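Source file: coords_23.txt; contents: compact mmCIF, C-alpha atoms.
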# COMPACT_ATOMS: atom_id res chain seq x y z
CA MET S 166 41.91 97.78 112.65
CA LYS S 167 44.30 98.12 115.57
CA ILE S 168 46.65 95.44 116.82
CA VAL S 169 47.12 95.21 120.60
CA ILE S 170 50.12 93.19 121.77
CA LEU S 171 50.41 92.46 125.47
CA ALA S 172 53.91 91.27 126.32
CA GLY S 173 54.82 89.40 129.47
CA GLY S 174 56.41 92.26 131.42
CA PRO S 175 54.81 94.64 133.96
CA ALA S 176 51.43 95.81 132.68
CA GLU S 177 49.76 97.86 135.40
CA ASN S 178 46.23 98.97 134.46
CA PHE S 179 46.57 97.44 131.00
CA GLU S 180 42.81 96.90 130.72
CA GLU S 181 42.15 100.63 131.18
CA LEU S 182 44.95 101.58 128.77
CA ILE S 183 43.61 99.24 126.11
CA ALA S 184 40.10 100.63 126.52
CA GLU S 185 41.36 104.23 126.25
CA HIS S 186 43.32 103.60 123.08
CA THR S 187 40.99 101.23 121.20
CA GLU S 188 37.54 102.61 121.88
CA GLY S 189 35.29 102.26 118.86
CA THR S 190 37.82 100.38 116.72
CA ASP S 191 38.18 96.79 115.58
CA THR S 192 41.02 95.24 117.56
CA PHE S 193 43.15 92.14 117.12
CA PHE S 194 44.51 90.97 120.47
CA VAL S 195 47.87 89.22 120.73
CA GLY S 196 49.19 87.77 123.99
CA VAL S 197 52.94 87.21 124.16
CA ASP S 198 53.91 84.47 126.59
CA ARG S 199 52.40 85.43 129.98
CA GLY S 200 50.61 88.31 128.27
CA ALA S 201 48.20 85.77 126.78
CA TYR S 202 47.31 84.54 130.26
CA CYS S 203 46.80 88.12 131.49
CA LEU S 204 44.45 88.92 128.59
CA MET S 205 42.48 85.78 129.37
CA GLN S 206 42.29 86.62 133.08
CA ALA S 207 40.96 90.08 132.17
CA GLY S 208 38.23 88.56 129.99
CA LEU S 209 39.67 90.04 126.80
CA PRO S 210 39.98 88.06 123.58
CA VAL S 211 43.19 86.24 122.73
CA HIS S 212 43.06 86.06 118.95
CA LEU S 213 46.70 84.98 118.89
CA ALA S 214 48.86 83.59 121.70
CA ILE S 215 52.53 83.36 120.81
CA GLY S 216 55.79 82.59 122.60
CA ASP S 217 57.66 79.80 124.31
CA PHE S 218 55.33 80.14 127.35
CA ASP S 219 58.12 79.32 129.78
CA SER S 220 56.65 81.79 132.27
CA LEU S 221 53.40 79.81 132.61
CA THR S 222 52.74 76.79 134.77
CA ALA S 223 51.56 73.65 133.02
CA GLN S 224 47.99 74.35 134.16
CA GLU S 225 48.10 77.98 133.02
CA PHE S 226 49.38 76.91 129.61
CA LEU S 227 46.51 74.43 129.23
CA GLU S 228 44.04 77.19 130.09
CA VAL S 229 45.54 79.55 127.50
CA GLN S 230 45.63 76.74 124.95
CA ALA S 231 41.90 76.18 125.42
CA TYR S 232 41.04 79.90 125.43
CA ALA S 233 43.11 81.32 122.56
CA GLU S 234 41.74 81.27 119.03
CA ASP S 235 45.22 80.56 117.68
CA LEU S 236 48.26 79.46 119.72
CA GLN S 237 51.75 79.33 118.23
CA GLN S 238 54.43 77.94 120.53
CA SER S 239 58.01 78.83 119.69
CA PRO S 240 61.19 77.12 120.93
CA ALA S 241 62.92 78.74 123.91
CA GLU S 242 66.15 79.12 121.91
CA LYS S 243 65.56 81.09 118.71
CA ASP S 244 66.82 84.08 116.73
CA ASP S 245 63.70 86.23 117.21
CA THR S 246 62.25 87.37 120.50
CA ASP S 247 58.68 86.37 121.29
CA LEU S 248 57.61 89.99 120.79
CA GLU S 249 59.29 90.19 117.40
CA LEU S 250 57.46 87.03 116.37
CA ALA S 251 54.20 88.58 117.58
CA VAL S 252 54.72 91.75 115.54
CA LEU S 253 55.73 89.79 112.44
CA THR S 254 52.80 87.37 112.67
CA ALA S 255 50.15 90.00 113.44
CA THR S 256 51.26 92.40 110.72
CA GLU S 257 51.44 89.63 108.14
CA ARG S 258 47.81 88.93 108.95
CA PHE S 259 46.78 92.59 109.03
CA PRO S 260 49.26 94.56 106.89
CA ASN S 261 46.93 97.57 106.78
CA ALA S 262 46.44 97.88 110.54
CA SER S 263 46.31 101.55 111.54
CA GLU S 264 48.20 101.17 114.83
CA ILE S 265 50.19 98.60 116.77
CA LEU S 266 49.90 99.12 120.52
CA ILE S 267 52.52 97.31 122.60
CA LEU S 268 51.92 96.98 126.34
CA GLY S 269 53.83 95.04 128.96
CA GLY S 270 57.15 95.76 127.29
CA LEU S 271 58.44 98.53 129.56
CA GLY S 272 59.41 98.65 133.21
CA GLY S 273 60.72 95.11 133.55
CA ARG S 274 64.05 93.75 132.36
CA PHE S 275 66.07 96.58 130.85
CA ASP S 276 67.41 94.44 127.99
CA HIS S 277 63.84 93.59 126.96
CA GLY S 278 62.74 97.22 127.23
CA ILE S 279 65.62 98.62 125.17
CA GLN S 280 65.14 95.94 122.50
CA ILE S 281 61.49 96.94 122.16
CA PHE S 282 62.43 100.64 122.09
CA TYR S 283 64.83 99.99 119.19
CA LEU S 284 62.45 97.65 117.35
CA VAL S 285 61.75 100.22 114.61
CA LEU S 286 65.45 100.34 113.69
CA GLN S 287 65.26 96.82 112.26
CA ALA S 288 64.85 96.97 108.50
CA ARG S 289 61.97 94.49 108.55
CA PHE S 290 59.99 96.76 110.90
CA SER S 291 60.94 100.11 109.37
CA LYS S 292 57.61 100.46 107.55
CA LEU S 293 55.83 100.20 110.90
CA LEU S 294 57.66 103.27 112.29
CA SER S 295 54.62 105.54 112.51
CA LYS S 296 52.25 102.73 113.57
CA ILE S 297 54.00 101.45 116.70
CA THR S 298 53.04 102.89 120.08
CA LEU S 299 54.58 101.73 123.35
CA LEU S 300 52.28 102.11 126.35
CA ASP S 301 52.45 101.78 130.09
CA ALA S 302 50.71 103.51 132.99
CA GLN S 303 53.05 106.52 132.83
CA ASN S 304 54.21 106.77 129.21
CA VAL S 305 52.99 106.90 125.63
CA ILE S 306 55.87 106.56 123.15
CA LYS S 307 55.51 107.08 119.40
CA PHE S 308 58.13 107.18 116.66
CA VAL S 309 58.46 109.64 113.79
CA GLY S 310 60.73 110.01 110.80
CA ALA S 311 62.03 113.14 109.12
CA GLY S 312 59.51 115.86 108.30
CA HIS S 313 57.03 118.23 109.92
CA HIS S 314 54.98 116.82 112.79
CA VAL S 315 52.15 118.39 114.78
CA LEU S 316 51.88 116.92 118.28
CA THR S 317 48.67 117.02 120.31
CA LYS S 318 48.65 116.79 124.08
CA LEU S 319 47.16 113.67 125.59
CA PRO S 320 44.86 114.88 128.37
CA GLU S 321 46.15 112.41 130.95
CA MET S 322 49.83 113.24 130.35
CA THR S 323 51.96 116.09 131.74
CA TYR S 324 55.40 116.03 130.12
CA LEU S 325 56.75 115.95 126.58
CA ALA S 326 60.16 114.54 125.70
CA PHE S 327 62.18 113.57 122.65
CA ALA S 328 64.85 110.89 122.22
CA SER S 329 66.64 110.15 118.99
CA LEU S 330 67.31 106.64 117.78
CA THR S 331 69.75 107.84 115.12
CA PRO S 332 71.73 111.00 114.36
CA VAL S 333 69.28 113.80 113.55
CA ILE S 334 69.79 116.83 111.32
CA GLY S 335 67.91 120.12 111.67
CA PHE S 336 65.77 119.31 114.71
CA SER S 337 63.53 122.13 115.97
CA ILE S 338 60.71 122.47 118.50
CA LYS S 339 58.06 125.19 118.29
CA ALA S 340 55.16 126.25 120.54
CA ALA S 341 56.34 124.15 123.51
CA LYS S 342 57.31 125.52 126.91
CA TYR S 343 60.95 125.16 125.85
CA GLU S 344 61.54 125.82 122.18
CA LEU S 345 64.58 124.75 120.19
CA GLN S 346 66.00 126.40 117.13
CA LYS S 347 67.13 124.21 114.27
CA THR S 348 69.95 122.04 115.65
CA ASP S 349 72.03 119.15 114.33
CA PHE S 350 72.59 116.16 116.62
CA PRO S 351 75.39 113.95 115.20
CA LEU S 352 75.03 111.69 118.25
CA ASN S 353 71.86 110.40 119.87
CA PHE S 354 70.12 112.86 122.18
CA SER S 355 67.46 112.99 124.87
CA LEU S 356 65.49 116.18 125.57
CA SER S 357 63.25 115.61 128.57
CA SER S 358 60.77 117.46 130.81
CA ASN S 359 59.32 119.76 128.18
CA GLU S 360 55.63 120.62 128.28
CA PHE S 361 52.75 121.72 126.12
CA VAL S 362 51.53 125.29 126.64
CA ALA S 363 47.88 124.93 127.66
CA GLU S 364 46.29 122.66 125.06
CA ASN S 365 48.13 124.16 122.10
CA PRO S 366 49.83 121.74 119.66
CA VAL S 367 53.61 121.54 119.52
CA THR S 368 55.42 121.21 116.20
CA ILE S 369 58.73 119.52 115.50
CA ASP S 370 60.71 119.48 112.27
CA PHE S 371 63.85 117.65 111.21
CA GLU S 372 65.55 116.70 107.96
CA THR S 373 66.94 113.23 108.66
CA GLY S 374 66.72 110.62 111.39
CA ILE S 375 64.25 108.88 113.71
CA VAL S 376 62.91 110.41 116.92
CA ALA S 377 60.82 108.96 119.73
CA VAL S 378 58.12 111.32 120.99
CA ILE S 379 57.31 110.60 124.63
CA GLN S 380 54.36 111.92 126.61
CA SER S 381 54.53 110.99 130.29
CA ARG S 382 53.32 111.67 133.79
CA ASP S 383 54.65 111.13 137.31

Would you mind giving the structure from this file in structure tokens?
Amino acid sequence: MKIVILAGGPAENFEELIAEHTEGTDTFFVGVDRGAYCLMQAGLPVHLAIGDFDSLTAQEFLEVQAYAEDLQQSPAEKDDTDLELAVLTATERFPNASEILILGGLGGRFDHGIQIFYLVLQARFSKLLSKITLLDAQNVIKFVGAGHHVLTKLPEMTYLAFASLTPVIGFSIKAAKYELQKTDFPLNFSLSSNEFVAENPVTIDFETGIVAVIQSRD
């Protein structure tokens, strides 16, 4: 089971991205605020619609209300963001989901994007670290904790980058175009514009910390 969450931000080609990343798997679709309307317009299921829906017109909200299997409307003023509520609700329902794909969260308001990027730092989401993937038309972002990781090139992507969310000890990169010997980063870092060599896997190792692994294209 995969969980697909479509937020209300820019979501260019989201139908194609969803198809690429969910082919042959059971999928639970969550629309966050306007994301629910976009899923409906694309003819995709809306198993759960969640949010304050302040971005919808009255007519659009009625259409989503009629279309969604389950609609949970939250107050506009609250402690959690609509996306946080979506992740909490979906993972409570499917705690063993293999992957949580979040689309429509990047490329819009910077404060929304950075909050989504740092989602895995919240203690309540820490167990989802390796399950969360952020997607848009140009980027696939995954998160990894300390250890040895073998990275495989996505055929549609060109570049490989790394960004830490915490201090990182003993970070190394092997078999990439630009390798890195074991290095400590006491402050957050960003290492961009690396590449795979042909189709060969790249390996990274580190002893402590959390790192975002970003594959992207122009």

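Distance-wise, CA of Leu221 in chain S and CA of Leu248 in chain S end up 16.2 Å apart.
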
Q | Who sits within 8 Å of Leu352 in chain S, only C-alpha atoms, same chain under 6 positions skipped, as a list in words | A | Thr331, Pro332 and Val333 of chain S

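The interatomic distance for the pair CA of Asp235 in chain S and CA of Leu271 in chain S works out to 25.3 Å.
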
Q: List the neighbours of Leu319 in chain S out to 9 Å using all atoms listed in the file; skip same-chain residues closer than 2 positions along the sequence, and give me the result as a PyMOL selection string.
A: chain S and resi 305+317+321-323+380

Q: Write out as JSON, numbers by chain each polymer residue whose atoms come within 9 Å of Leu266 in chain S, counting all atoms listed in the file; drop sequence neighbours fewer than 5 positions from it.
A: {"S": [167, 168, 169, 170, 171, 183, 186, 296, 297, 298, 299, 300]}

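Residues lying within 10 Å of Phe179 in chain S, counting only C-alpha atoms and ignoring same-chain neighbours fewer than 4 positions away, are Leu171, Pro175, Ile183, Ala184, Glu185, Cys203, Leu204, Ala207, Leu268, Gly269, Leu300, Asp301 and Ala302 of chain S.
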
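Considering only C-alpha atoms, the residue among S:Phe371, S:Phe354, S:Tyr232, S:Tyr202 positioned nearest to Gly335 in chain S is S:Phe371.
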
Q) CA of Val367 in chain S and CA of Lys292 in chain S, how far apart in Å? A) 24.6 Å

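Nearest to Asp247 in chain S of all the residues S:Asp219, S:Asp198, S:Asp349, S:Glu264 is S:Asp198, based on all atoms listed in the file.
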
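Among the candidates S:Ala176, S:Ile215, S:Leu325, S:Ala231, the residue lying nearest to Val195 in chain S is S:Ile215 (atoms considered: only C-alpha atoms).
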
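Residue nearest Phe327 in chain S, chosen from S:Ser291, S:Thr254, S:Gln224, S:Asn353 and counting all atoms listed in the file: S:Asn353.
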
Which residues of range 315-370 of chain S sit at most 12 Å from range 272-289 of chain S, using all atoms listed in the file? Give each one's shortest atom pair and distance in Å (one decimal place), in chain and ascending residue order, as a Markdown table.
| residue | atom | partner | partner_atom | distance |
| --- | --- | --- | --- | --- |
| S:Ala328 | CA | S:Phe282 | CA | 10.5 |
| S:Ser329 | CA | S:Tyr283 | CA | 10.3 |
| S:Leu330 | CA | S:Tyr283 | CA | 7.2 |
| S:Thr331 | CA | S:Leu286 | CA | 8.8 |

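With distances restricted to all atoms listed in the file, S:Glu372 is the closest residue to Lys347 in chain S from S:Ala326, S:Glu372, S:Gln206, S:Glu249.
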
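For Asn365 in chain S, the residues within 10 Å (counting all atoms listed in the file, excluding itself and residues fewer than 4 positions away along the chain) are Leu316, Thr317, Lys318, Ala340, Ala341 and Phe361 of chain S.
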
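The closest residue to Ser358 in chain S, picked from S:Phe226, S:Phe259, S:Tyr324, S:Phe193 and counting all atoms listed in the file, is S:Tyr324.
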
Q: Would you list the residues near (63.2, 81.1, 121.6), meaning any protein, DNA or RNA residue with an atom at most 7 Å from that point in file coordinates, counting all atoms listed in the file, as a PyMOL selection string?
A: chain S and resi 217+239-247

Using the structure just given, write a file holding N, CA and C atoms for range 324-358 of chain S, as a CSV table (one decimal), in the first residue's frame.
chain,number,residue,atom,x,y,z
S,324,TYR,N,20.6,14.9,-12.1
S,324,TYR,CA,21.5,15.3,-11.1
S,324,TYR,C,21.2,14.6,-9.7
S,325,LEU,N,22.2,14.6,-8.9
S,325,LEU,CA,22.2,14.0,-7.6
S,325,LEU,C,22.7,15.0,-6.6
S,326,ALA,N,22.0,15.2,-5.5
S,326,ALA,CA,22.4,16.2,-4.5
S,326,ALA,C,22.0,15.7,-3.1
S,327,PHE,N,22.7,16.3,-2.1
S,327,PHE,CA,22.5,15.9,-0.7
S,327,PHE,C,22.4,17.2,0.1
S,328,ALA,N,21.4,17.2,1.0
S,328,ALA,CA,21.3,18.3,1.9
S,328,ALA,C,21.0,17.7,3.3
S,329,SER,N,21.7,18.2,4.3
S,329,SER,CA,21.5,17.6,5.6
S,329,SER,C,20.4,18.4,6.3
S,330,LEU,N,19.7,17.7,7.2
S,330,LEU,CA,18.7,18.4,8.0
S,330,LEU,C,19.1,18.5,9.5
S,331,THR,N,20.3,17.9,9.8
S,331,THR,CA,20.9,18.0,11.1
S,331,THR,C,22.4,18.0,10.9
S,332,PRO,N,23.2,18.2,11.9
S,332,PRO,CA,24.6,17.9,11.8
S,332,PRO,C,24.8,16.4,11.4
S,333,VAL,N,25.9,16.2,10.7
S,333,VAL,CA,26.1,14.8,10.2
S,333,VAL,C,27.6,14.5,10.4
S,334,ILE,N,27.8,13.3,10.9
S,334,ILE,CA,29.2,12.8,11.2
S,334,ILE,C,29.6,11.7,10.2
S,335,GLY,N,30.8,11.8,9.6
S,335,GLY,CA,31.3,10.8,8.8
S,335,GLY,C,30.7,10.6,7.5
S,336,PHE,N,30.3,11.6,6.8
S,336,PHE,CA,29.6,11.5,5.5
S,336,PHE,C,30.5,11.2,4.4
S,337,SER,N,30.3,10.2,3.6
S,337,SER,CA,31.1,9.9,2.4
S,337,SER,C,30.2,9.6,1.2
S,338,ILE,N,30.8,9.8,0.0
S,338,ILE,CA,30.1,9.5,-1.2
S,338,ILE,C,31.1,8.7,-2.1
S,339,LYS,N,30.6,7.6,-2.6
S,339,LYS,CA,31.4,6.7,-3.4
S,339,LYS,C,30.7,6.4,-4.7
S,340,ALA,N,31.5,6.3,-5.8
S,340,ALA,CA,31.0,5.9,-7.1
S,340,ALA,C,30.2,6.9,-7.8
S,341,ALA,N,30.2,8.1,-7.3
S,341,ALA,CA,29.5,9.2,-8.0
S,341,ALA,C,30.6,10.0,-8.9
S,342,LYS,N,30.1,10.9,-9.7
S,342,LYS,CA,31.0,11.7,-10.5
S,342,LYS,C,32.0,12.5,-9.6
S,343,TYR,N,31.5,13.0,-8.5
S,343,TYR,CA,32.3,13.7,-7.5
S,343,TYR,C,32.2,12.9,-6.2
S,344,GLU,N,33.3,12.3,-5.8
S,344,GLU,CA,33.3,11.5,-4.6
S,344,GLU,C,33.7,12.4,-3.4
S,345,LEU,N,33.4,11.9,-2.2
S,345,LEU,CA,33.7,12.6,-1.0
S,345,LEU,C,34.3,11.6,0.1
S,346,GLN,N,35.4,11.9,0.6
S,346,GLN,CA,36.0,11.1,1.7
S,346,GLN,C,35.2,11.4,2.9
S,347,LYS,N,35.3,10.6,3.9
S,347,LYS,CA,34.6,10.7,5.2
S,347,LYS,C,34.8,12.1,5.8
S,348,THR,N,33.7,12.8,5.9
S,348,THR,CA,33.8,14.2,6.4
S,348,THR,C,32.7,14.5,7.4
S,349,ASP,N,33.1,15.2,8.5
S,349,ASP,CA,32.1,15.6,9.5
S,349,ASP,C,31.6,17.0,9.1
S,350,PHE,N,30.2,17.2,9.3
S,350,PHE,CA,29.6,18.4,9.0
S,350,PHE,C,28.8,18.9,10.3
S,351,PRO,N,29.5,19.7,11.1
S,351,PRO,CA,28.8,20.1,12.4
S,351,PRO,C,27.7,21.1,12.1
S,352,LEU,N,27.6,21.7,11.0
S,352,LEU,CA,26.5,22.5,10.6
S,352,LEU,C,25.8,21.9,9.3
S,353,ASN,N,24.6,22.3,9.1
S,353,ASN,CA,23.9,21.8,7.9
S,353,ASN,C,24.7,22.1,6.6
S,354,PHE,N,24.6,21.2,5.7
S,354,PHE,CA,25.3,21.3,4.4
S,354,PHE,C,24.4,21.1,3.2
S,355,SER,N,24.8,21.5,2.1
S,355,SER,CA,24.2,21.2,0.8
S,355,SER,C,25.2,20.9,-0.2
S,356,LEU,N,25.2,19.7,-0.8
S,356,LEU,CA,26.2,19.3,-1.9
S,356,LEU,C,25.4,19.1,-3.1
S,357,SER,N,25.4,20.0,-4.1
S,357,SER,CA,24.6,19.9,-5.2
S,357,SER,C,25.3,19.6,-6.5
S,358,SER,N,24.6,19.3,-7.6
S,358,SER,CA,25.1,19.1,-8.9
S,358,SER,C,26.1,18.0,-9.1
